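Colleague: Handing you a structure now.
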Amino acid sequence: MKKTDFTKNFKEWYEGNLSFDEQLSHNVEDIPVEHKKDEPHHVRKKIRTLQKLENDERKATKFGYRVFSIVFCVIICAVLIGTVNFLPGFADANAPTANEVYEHYVGEGREQTGAVNTVAGMILDYRAFDTLGESFVLFTATCAVLLLLEKAKNAPVKKRETFTFSNDPIICLVVKLIVPIIIVFGVYILFNGHLSPGGGFSGGAILGTGFILFAMAYGEDVAAKVISAKAIKIITICSLSFYCLSKSYSFFTGNEFNGVHSIIGPGTPGDFLSGGLILPLNLAVGFVVCCTMYSFYMVFKRGRLD
Amino acid sequence: MNFLINYEEVTSMILFAIGFTMLVFSKNIMKKILGLNIMDTGVYLFLASMGYIEDKLTPIVPPTGEVNALDYINPIPAGLVLTGIVVSVSFSALMLALTVRLYKKYRTLNLDEIYEKCSKEDEEE
Amino acid sequence: MEFIKNFPFITIVLSLFCSVICYAFKDKKARFVTYFLLIISSCMSFSVIMYNLFSETGYFAYRMGHYDAPIGNEISAGLLEPFFALLFEIVIFLSITGGYKRLQKDVEESKQRFFYIMINLTHAALMSLCYTNDIYTAYVFIEICTIASCALLMSSKRTRSLVAATRYTIFSLIGSSLVLIGIVLLYSVTGHLLFPNIFETIQALWATGEYTNPLTIALGLIISGLAIKSGMFPFHWWMPDTYGTATPCASGILSGVVSKGYIFLLLKMIYRVIGPQIFLESGINNILLVFGVCGMIVGSVSAIRTSNITFMTAYSSAAQIGYIYMGIGLGTKEALLAALFQIVAHSLTKPMLFLAAGGLSDTVGGKQDFDSLRSSAHYNKPSGIAFAAGALSMVGIPIFAGFVPKMLFSISAFGHGFKTYIVLLALAISTILNVIYFLRTLVNIYSPAIVDIPREKIHFSKIKVFTVVVIVMAIVNLTVGLHSQPIISLFEKGIEIFINIR
């Protein structure tokens with residue numbers, strides 16, 4: 001079997017031979033003095049002293065910069081810890097945050113939203129506008145990364161970029177065993193957001209990880225047939241549009257002067273199909289997160305979504 | 001002396017200060033990204049410790065039966081942390097994509113060297 | 001008629017929805033979605049202004065969800081919020097129409113739809129920042145605005161703009177982190193996230209003297225975070241690099257609209273969360289005044305020393321934002337009126353200057369230094385006229401829009417003791433400095449050439465849309481300058497509502 005680039009690079013790094021570490025640390029080296037052939041002696045001496053002064057100044061600037069940054073860190077630490085000193089005590093039942101808002105969320109959350117998990121009820125019903133903004137932060141980041149790194153379909157692929165894990169036997173075997181379990185677990189967490197800890201964000205992250213491992217082990221070409229660029233685009237667009245439209249309906253019916261009342265009720269708490277719009281919104285958010293994670297991996301690796 | 005009781009908040013402030021200094025003063029872009037993540041981790045620790053109330057349960061209420069709000073901890077900071085984590089991931093992805101593009105052109109991760117090379121290019125134009 | 005109350009929420013969600021639709025398009029046809037969105041949003045903002053002018057209270061709050069504050073989220077609209085929303089929409093529309101041809105050169109074909117997606121997202125975030133009544137929603141949409149504006153800068157083909165965008169991103173991140181830690185500290189002390197509730201709690205805490213220390217630090221952190229993001233001195237030195245190397249459309253949007261959105265949110269924090277009484281008692285206003293005055297002078301001095309036309313325009317941005325902070329720092333209603341009018345005048349003028357500078361440098365093949373740009377106004381007449389109108393407005397010549405805020409600043413400066421002398425002196429010095437660099441450039445672009453480089457004469461039939469946009473911007477500028485009274489009375493009513501409603 002052919003030895004891969006990965007194992008060669010790993011060996012070199014382990015033995016300390018890899019050269020790109022030098023670029024990461026900006027060592028202040030002394031600039032060597034170069035003399036011309038027919039320079040008189042006093043001029044050479046002057047050039048040497050001037051160069052030594054410049055080297056010393058560069059070292060001092062770097063040292064001064066380091067000291068200043070440490071002093072800055074200590075000052076900020078001191079100010080913030082001084083602030084913490086005056087804050088309410090840890091786990092204090094009389095803290096300002098333990099007020100009527102949280103009592104309403106926990107006490108009446110089950111009746112009003114239908115969700116047994118009060119955190120899910122809070123982020124997808126009481127404060128749904130924040131979560132709408134948050135899903136769009138993910139969408140913005142995806143578009144920004146595509147803007148920076150996307151290559152055209154028929155761009156030539158450089159040899160250095162054909163680095164792949166799929167020739168590695170350990171990764172292939174472990175992924176074959178684990179990825180089905182990961183995906184099922186992710187789907188379970190996604191669907192159970194309103195009944196137990198979980199929800200769109202955690203479930204979506206786990207699903208996305210499952211797909212990334214699948215793409216790593218089987219190769220990106222195989223993964224592209226399963227999850228094509230068109231599929232990712234359609235899922236993202238549909239999930240975000242569904243989120244916008246359903247929350248618009250919810251906000252529109254929430255104000256009495258509009259005269260329209262919502263037909264979606266809270267349902268029976270504890271049932272699978274309960275919580276009003278919480279389950280569909282969890283699914284929408286989960287799919288958006290999953291597609292975002294997967295597209296980050298593919299765009300960084302290959303420059304394309306498939 | 002509240003800061004002996006609030007040791008979780010003190011830790012989170014130390015993490016925030018270290019991360020903030022790294023973000024502001026590091027010359028290496030990767031260290032700036034690491035500083036951003038450390039700083040956000042400090043904020044999440046602070047939020048999580050703010051929600052906890054002593055001797056109370058997680059806010060998953062039973063499906064039927066009486067619910068006494070004072071038996072459970074505060075769910076609001078948990079929701080705020082969820083949003084914060086997503087924002088942090090998005091920013092890290094954006095900065096890393098920028099780093100990849102800059103490295104391909106300038107072959108260095110040091111911001112000072114990148115600015116020097118840029119000003120040399122400007123002079124040549 | 002009550003249906004008009006839905007309009008603010010519709011503008012926000014429609015912008016988000018349109019950005020998703022733009023993603024579905026393959027090429028630059030996405031811009032028609034953006035034009036459609038901006039036209040509809042402008043009509044909606046205008047109707048909200050009319051509705052509030054003729055209603056009894058002049059203000060309404062809108063529930064986002066089925067529950068009232070503080071349980072659910074809400075947005076609110078008075079007179080100032082929809083006015084600034086309308087202003088931002090007009091400026092964005094004119095910038096993208098005028099900068100379209102230059103965009104074709106600067107951004108690759110396949111990436112243009114991302115540019116329009118980012119413009120829609122910036123627009124959505126700015127609408128939210130104008131209308132929001134909740135501090136955490138404001139933070140989430142600040143982040144959307146930051147990522148989208150960084151992406152607008154990064155869309156250019158040249159790697160030089162990537163380096164400038166990196167610097168802008170890092171500064172914005174520093175500002176956002178300070179805002180986040182401030183919000184978290186504020187929540188731990190007050191226990192509320194909605195503006196009216198935080199206001200009541202802060203008044204109660206300040207009266208009893210409990211938790212004063214964390215409260216001051218939290219508010220200081222939020223204000224400094226927002227000030228860093230909008231370019232207050234001494235955090236303004238990312239401006240020339242960023243605005244100078246981006247495509248003129250993006251520079252216009254960033255300098256004219258995005259920084260003003262953050263300043264408007266800062267005003268909301270000061271007047272709706274802290275309250276004017278505590279703001280003046282705590283002395284934060286003096287810090288803002290000092291930094292504003294320094295920014296005015298340092299920005300103008302840096303503009304004189306540079307020899308690149310877009311860098312000079314960017315430094316003058318820093319100086320004009322110093323004016324706004326000086327007005328906020330004085331603390332009175334008249335000073336606030338002057339600061340708001342300065343926001344209007346600057347938003348209308350700066351994109352025109354950036355578009356004109358882009359047009360002038362196109363005649364000499366992209367060079368931006370003053371020696372090459374001599375007599376370029378003869379080769380591109382519309383850009384020359386636009387640059388002349390913009391420069392005269394920035395200096396403060398009476399018929400232009402830039403004169404009114406300077407007059408209002410001078411009126412509001414009286415009656416503050418020794419601060420009057422500082423403010424009037426700063427106004428005088430910065431006007432003289434503005435004259436030096438703007439009129440010098442204006443004379444420069446019209447004088448005969450000294451450097452022998454190939455010049456291209458751009459006749460205005462080749463740049464029809466650009467000419468129309470630039471003439472429209474100059475006409476709007478003149479109209480605001482000549483008929484400023486309706487806007488001033490709208491602001492006076494709006495400020496009363498803004499400060500006094502809870």
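Residue numbers start at 1 in each chain; chains themselves are named A, B, ... in the order of the structure tokens; ligands are numbered from 1 in the order shown.
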Contacts from chain A to chain C, 8 Å maximum, only C-alpha atoms: show me the residue list as number ranges by chain.

Modeller: A: 83-84, 86-88, 96-99, 101, 104-105, 125-130, 133-134, 136-137, 140-141, 143-144, 147-148, 233, 237, 240-241, 244, 248, 250-255, 257-258

Colleague: Using only C-alpha atoms, please write the residues we just selected to a file, as a PDB file, in the first residue's frame.

Modeller:
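What landed in result_8.pdb:
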```
ATOM      1  CA  THR A  83     -16.084  44.254  39.300  1.00  0.00           C
ATOM      2  CA  VAL A  84     -16.836  40.625  40.149  1.00  0.00           C
ATOM      3  CA  PHE A  86     -19.316  43.631  43.801  1.00  0.00           C
ATOM      4  CA  LEU A  87     -21.555  41.255  41.875  1.00  0.00           C
ATOM      5  CA  PRO A  88     -24.280  39.219  43.564  1.00  0.00           C
ATOM      6  CA  PRO A  96     -31.393  40.063  40.564  1.00  0.00           C
ATOM      7  CA  THR A  97     -31.520  37.461  37.797  1.00  0.00           C
ATOM      8  CA  ALA A  98     -33.877  35.278  39.833  1.00  0.00           C
ATOM      9  CA  ASN A  99     -36.861  37.493  39.170  1.00  0.00           C
ATOM     10  CA  VAL A 101     -39.315  36.623  34.296  1.00  0.00           C
ATOM     11  CA  HIS A 104     -42.933  32.843  34.468  1.00  0.00           C
ATOM     12  CA  TYR A 105     -40.813  30.873  31.977  1.00  0.00           C
ATOM     13  CA  ASP A 125     -41.255  30.698  21.476  1.00  0.00           C
ATOM     14  CA  TYR A 126     -40.790  33.520  23.947  1.00  0.00           C
ATOM     15  CA  ARG A 127     -37.561  34.895  22.453  1.00  0.00           C
ATOM     16  CA  ALA A 128     -37.840  33.504  18.943  1.00  0.00           C
ATOM     17  CA  PHE A 129     -36.612  36.688  17.294  1.00  0.00           C
ATOM     18  CA  ASP A 130     -33.130  36.206  18.753  1.00  0.00           C
ATOM     19  CA  GLY A 133     -31.125  36.345  14.015  1.00  0.00           C
ATOM     20  CA  GLU A 134     -28.810  33.608  15.174  1.00  0.00           C
ATOM     21  CA  PHE A 136     -28.975  34.085   9.956  1.00  0.00           C
ATOM     22  CA  VAL A 137     -25.562  34.632  11.564  1.00  0.00           C
ATOM     23  CA  THR A 140     -23.986  34.975   6.778  1.00  0.00           C
ATOM     24  CA  ALA A 141     -20.838  33.146   7.818  1.00  0.00           C
ATOM     25  CA  CYS A 143     -21.879  33.014   2.471  1.00  0.00           C
ATOM     26  CA  ALA A 144     -18.794  34.928   3.615  1.00  0.00           C
ATOM     27  CA  LEU A 147     -17.228  34.352  -1.046  1.00  0.00           C
ATOM     28  CA  LEU A 148     -13.620  34.032   0.099  1.00  0.00           C
ATOM     29  CA  LYS A 233     -28.363  24.766  -1.176  1.00  0.00           C
ATOM     30  CA  ILE A 237     -32.923  27.867   1.483  1.00  0.00           C
ATOM     31  CA  LEU A 240     -34.419  29.414   6.446  1.00  0.00           C
ATOM     32  CA  SER A 241     -37.487  30.395   4.397  1.00  0.00           C
ATOM     33  CA  CYS A 244     -38.930  33.236   8.335  1.00  0.00           C
ATOM     34  CA  SER A 248     -43.825  35.904  10.558  1.00  0.00           C
ATOM     35  CA  SER A 250     -46.491  33.793  14.691  1.00  0.00           C
ATOM     36  CA  PHE A 251     -45.538  37.476  15.106  1.00  0.00           C
ATOM     37  CA  PHE A 252     -48.437  38.647  12.927  1.00  0.00           C
ATOM     38  CA  THR A 253     -51.002  36.696  14.923  1.00  0.00           C
ATOM     39  CA  GLY A 254     -49.398  37.726  18.178  1.00  0.00           C
ATOM     40  CA  ASN A 255     -50.648  41.286  17.952  1.00  0.00           C
ATOM     41  CA  PHE A 257     -54.965  44.685  16.408  1.00  0.00           C
ATOM     42  CA  ASN A 258     -54.415  42.441  13.404  1.00  0.00           C
TER      43      ASN A 258
END
```

Colleague: Please report, as CSV, each residue of chain B lying at most 8 Å from chain A, together with the nearest pair of atoms and the separation in Å rounded to one decimal; use only C-alpha atoms, and order rows by chain and ascending residue number.

Modeller:
```
residue,atom,partner,partner_atom,distance
B:Met1,CA,A:Asn85,CA,6.4
B:Asn2,CA,A:Asn85,CA,4.8
B:Phe3,CA,A:Asn85,CA,4.7
B:Ile5,CA,A:Phe90,CA,6.5
B:Asn6,CA,A:Phe90,CA,5.3
B:Glu9,CA,A:Val84,CA,6.7
B:Val10,CA,A:Ile81,CA,5.8
B:Met13,CA,A:Leu80,CA,6.1
B:Ile14,CA,A:Cys77,CA,5.7
B:Ala17,CA,A:Cys77,CA,5.4
B:Ile18,CA,A:Cys73,CA,6.2
B:Phe20,CA,A:Cys73,CA,7.9
B:Thr21,CA,A:Cys73,CA,5.6
B:Phe25,CA,A:Ser69,CA,6.4
B:Asn28,CA,A:Leu24,CA,7.2
B:Ser49,CA,A:Phe90,CA,7.2
B:Met50,CA,A:Phe90,CA,7.0
B:Gly51,CA,A:Ala91,CA,7.7
B:Tyr52,CA,A:Ala91,CA,5.3
B:Ile53,CA,A:Ala91,CA,4.1
B:Glu54,CA,A:Ala91,CA,4.9
B:Pro59,CA,A:Thr118,CA,5.8
B:Ile60,CA,A:Asn117,CA,4.6
B:Val61,CA,A:Val116,CA,5.5
B:Pro62,CA,A:Val116,CA,6.7
B:Pro63,CA,A:Gly270,CA,4.9
B:Thr64,CA,A:Pro269,CA,7.5
B:Val67,CA,A:Gly107,CA,6.0
B:Asn68,CA,A:Gly107,CA,6.2
B:Ala69,CA,A:Gly107,CA,4.6
B:Leu70,CA,A:Glu103,CA,7.0
B:Tyr72,CA,A:Val106,CA,7.4
B:Asn74,CA,A:Tyr102,CA,5.9
B:Pro75,CA,A:Val119,CA,5.5
B:Ile76,CA,A:Tyr102,CA,7.0
B:Ala78,CA,A:Val119,CA,6.9
B:Gly79,CA,A:Ile123,CA,6.0
B:Leu82,CA,A:Phe201,CA,7.8
B:Thr83,CA,A:Glu134,CA,6.1
B:Val86,CA,A:Glu134,CA,7.0
B:Val87,CA,A:Val137,CA,6.6
B:Ser90,CA,A:Ala141,CA,5.3
B:Phe91,CA,A:Ala141,CA,7.2
B:Ala93,CA,A:Ala141,CA,7.1
B:Leu94,CA,A:Val145,CA,5.9
B:Ala97,CA,A:Val145,CA,6.0
B:Leu98,CA,A:Leu148,CA,7.1
B:Arg101,CA,A:Leu148,CA,7.3
B:Thr108,CA,A:Gln23,CA,6.1
B:Leu109,CA,A:Leu24,CA,6.4
B:Asn110,CA,A:Leu24,CA,7.0
```

Colleague: Can you spit out the residues from that selection as a PDB file, in the first residue's frame, using C-alpha atoms?

Modeller:
```pdb
ATOM      1  CA  MET B   1     -15.068  39.684  49.852  1.00  0.00           C
ATOM      2  CA  ASN B   2     -17.329  38.357  47.181  1.00  0.00           C
ATOM      3  CA  PHE B   3     -14.630  37.235  44.842  1.00  0.00           C
ATOM      4  CA  ILE B   5     -17.277  33.011  46.736  1.00  0.00           C
ATOM      5  CA  ASN B   6     -17.637  33.903  43.042  1.00  0.00           C
ATOM      6  CA  GLU B   9     -16.882  34.350  37.707  1.00  0.00           C
ATOM      7  CA  VAL B  10     -13.282  35.212  38.635  1.00  0.00           C
ATOM      8  CA  MET B  13     -12.849  37.082  33.869  1.00  0.00           C
ATOM      9  CA  ILE B  14      -9.247  35.828  33.841  1.00  0.00           C
ATOM     10  CA  ALA B  17      -8.682  39.111  29.935  1.00  0.00           C
ATOM     11  CA  ILE B  18      -6.160  36.607  28.509  1.00  0.00           C
ATOM     12  CA  PHE B  20      -8.750  39.813  24.868  1.00  0.00           C
ATOM     13  CA  THR B  21      -5.013  40.541  25.205  1.00  0.00           C
ATOM     14  CA  PHE B  25      -1.699  42.255  20.832  1.00  0.00           C
ATOM     15  CA  ASN B  28       0.158  35.933  14.545  1.00  0.00           C
ATOM     16  CA  SER B  49     -22.513  30.314  36.462  1.00  0.00           C
ATOM     17  CA  MET B  50     -24.994  33.180  36.584  1.00  0.00           C
ATOM     18  CA  GLY B  51     -27.933  30.883  35.922  1.00  0.00           C
ATOM     19  CA  TYR B  52     -27.258  28.429  38.696  1.00  0.00           C
ATOM     20  CA  ILE B  53     -29.242  28.641  41.916  1.00  0.00           C
ATOM     21  CA  GLU B  54     -28.227  26.421  44.789  1.00  0.00           C
ATOM     22  CA  PRO B  59     -35.428  23.318  34.019  1.00  0.00           C
ATOM     23  CA  ILE B  60     -36.989  20.220  32.418  1.00  0.00           C
ATOM     24  CA  VAL B  61     -40.418  20.165  33.994  1.00  0.00           C
ATOM     25  CA  PRO B  62     -42.497  16.949  34.274  1.00  0.00           C
ATOM     26  CA  PRO B  63     -45.229  16.649  31.595  1.00  0.00           C
ATOM     27  CA  THR B  64     -48.064  16.431  34.074  1.00  0.00           C
ATOM     28  CA  VAL B  67     -44.865  22.865  38.627  1.00  0.00           C
ATOM     29  CA  ASN B  68     -43.296  25.080  41.277  1.00  0.00           C
ATOM     30  CA  ALA B  69     -41.073  27.609  39.530  1.00  0.00           C
ATOM     31  CA  LEU B  70     -38.853  27.964  42.559  1.00  0.00           C
ATOM     32  CA  TYR B  72     -35.722  24.990  39.064  1.00  0.00           C
ATOM     33  CA  ASN B  74     -32.834  30.012  35.609  1.00  0.00           C
ATOM     34  CA  PRO B  75     -33.137  28.953  31.931  1.00  0.00           C
ATOM     35  CA  ILE B  76     -32.421  32.385  30.419  1.00  0.00           C
ATOM     36  CA  ALA B  78     -28.637  28.911  28.869  1.00  0.00           C
ATOM     37  CA  GLY B  79     -30.436  30.423  25.885  1.00  0.00           C
ATOM     38  CA  LEU B  82     -26.544  28.998  22.770  1.00  0.00           C
ATOM     39  CA  THR B  83     -26.628  32.179  20.735  1.00  0.00           C
ATOM     40  CA  VAL B  86     -23.116  30.115  17.291  1.00  0.00           C
ATOM     41  CA  VAL B  87     -21.779  33.651  16.884  1.00  0.00           C
ATOM     42  CA  SER B  90     -19.259  31.954  12.697  1.00  0.00           C
ATOM     43  CA  PHE B  91     -16.550  34.484  13.459  1.00  0.00           C
ATOM     44  CA  ALA B  93     -14.861  30.359  10.401  1.00  0.00           C
ATOM     45  CA  LEU B  94     -14.678  33.796   8.767  1.00  0.00           C
ATOM     46  CA  ALA B  97     -11.034  31.621   5.716  1.00  0.00           C
ATOM     47  CA  LEU B  98      -9.317  35.024   5.658  1.00  0.00           C
ATOM     48  CA  ARG B 101      -6.455  33.459   1.580  1.00  0.00           C
ATOM     49  CA  THR B 108       3.352  34.252   6.213  1.00  0.00           C
ATOM     50  CA  LEU B 109       1.020  34.362   9.187  1.00  0.00           C
ATOM     51  CA  ASN B 110       2.645  37.377  10.807  1.00  0.00           C
TER      52      ASN B 110
END
```

Colleague: Rounded to one decimal, what separation in Å do you get between atom CA of A:Ser166 and atom CA of A:Asp306?

Modeller: 16.2 Å

Colleague: In Å, how far is it from atom CA of C:Gln368 to atom CA of C:Leu353?

Modeller: 13.6 Å

Colleague: Work out how far atom CA of C:Thr169 is from atom CA of C:Lys229, in Å to one decimal.

Modeller: 9.9 Å

Colleague: Report the residues of stretch 311-442 of chain C whose backbone DSSP state falls under helix (DSSP H, G or I), written as a PyMOL selection string.

Modeller: chain C and resi 311-330+333-363+370-373+376-379+381-395+403-413+418-442
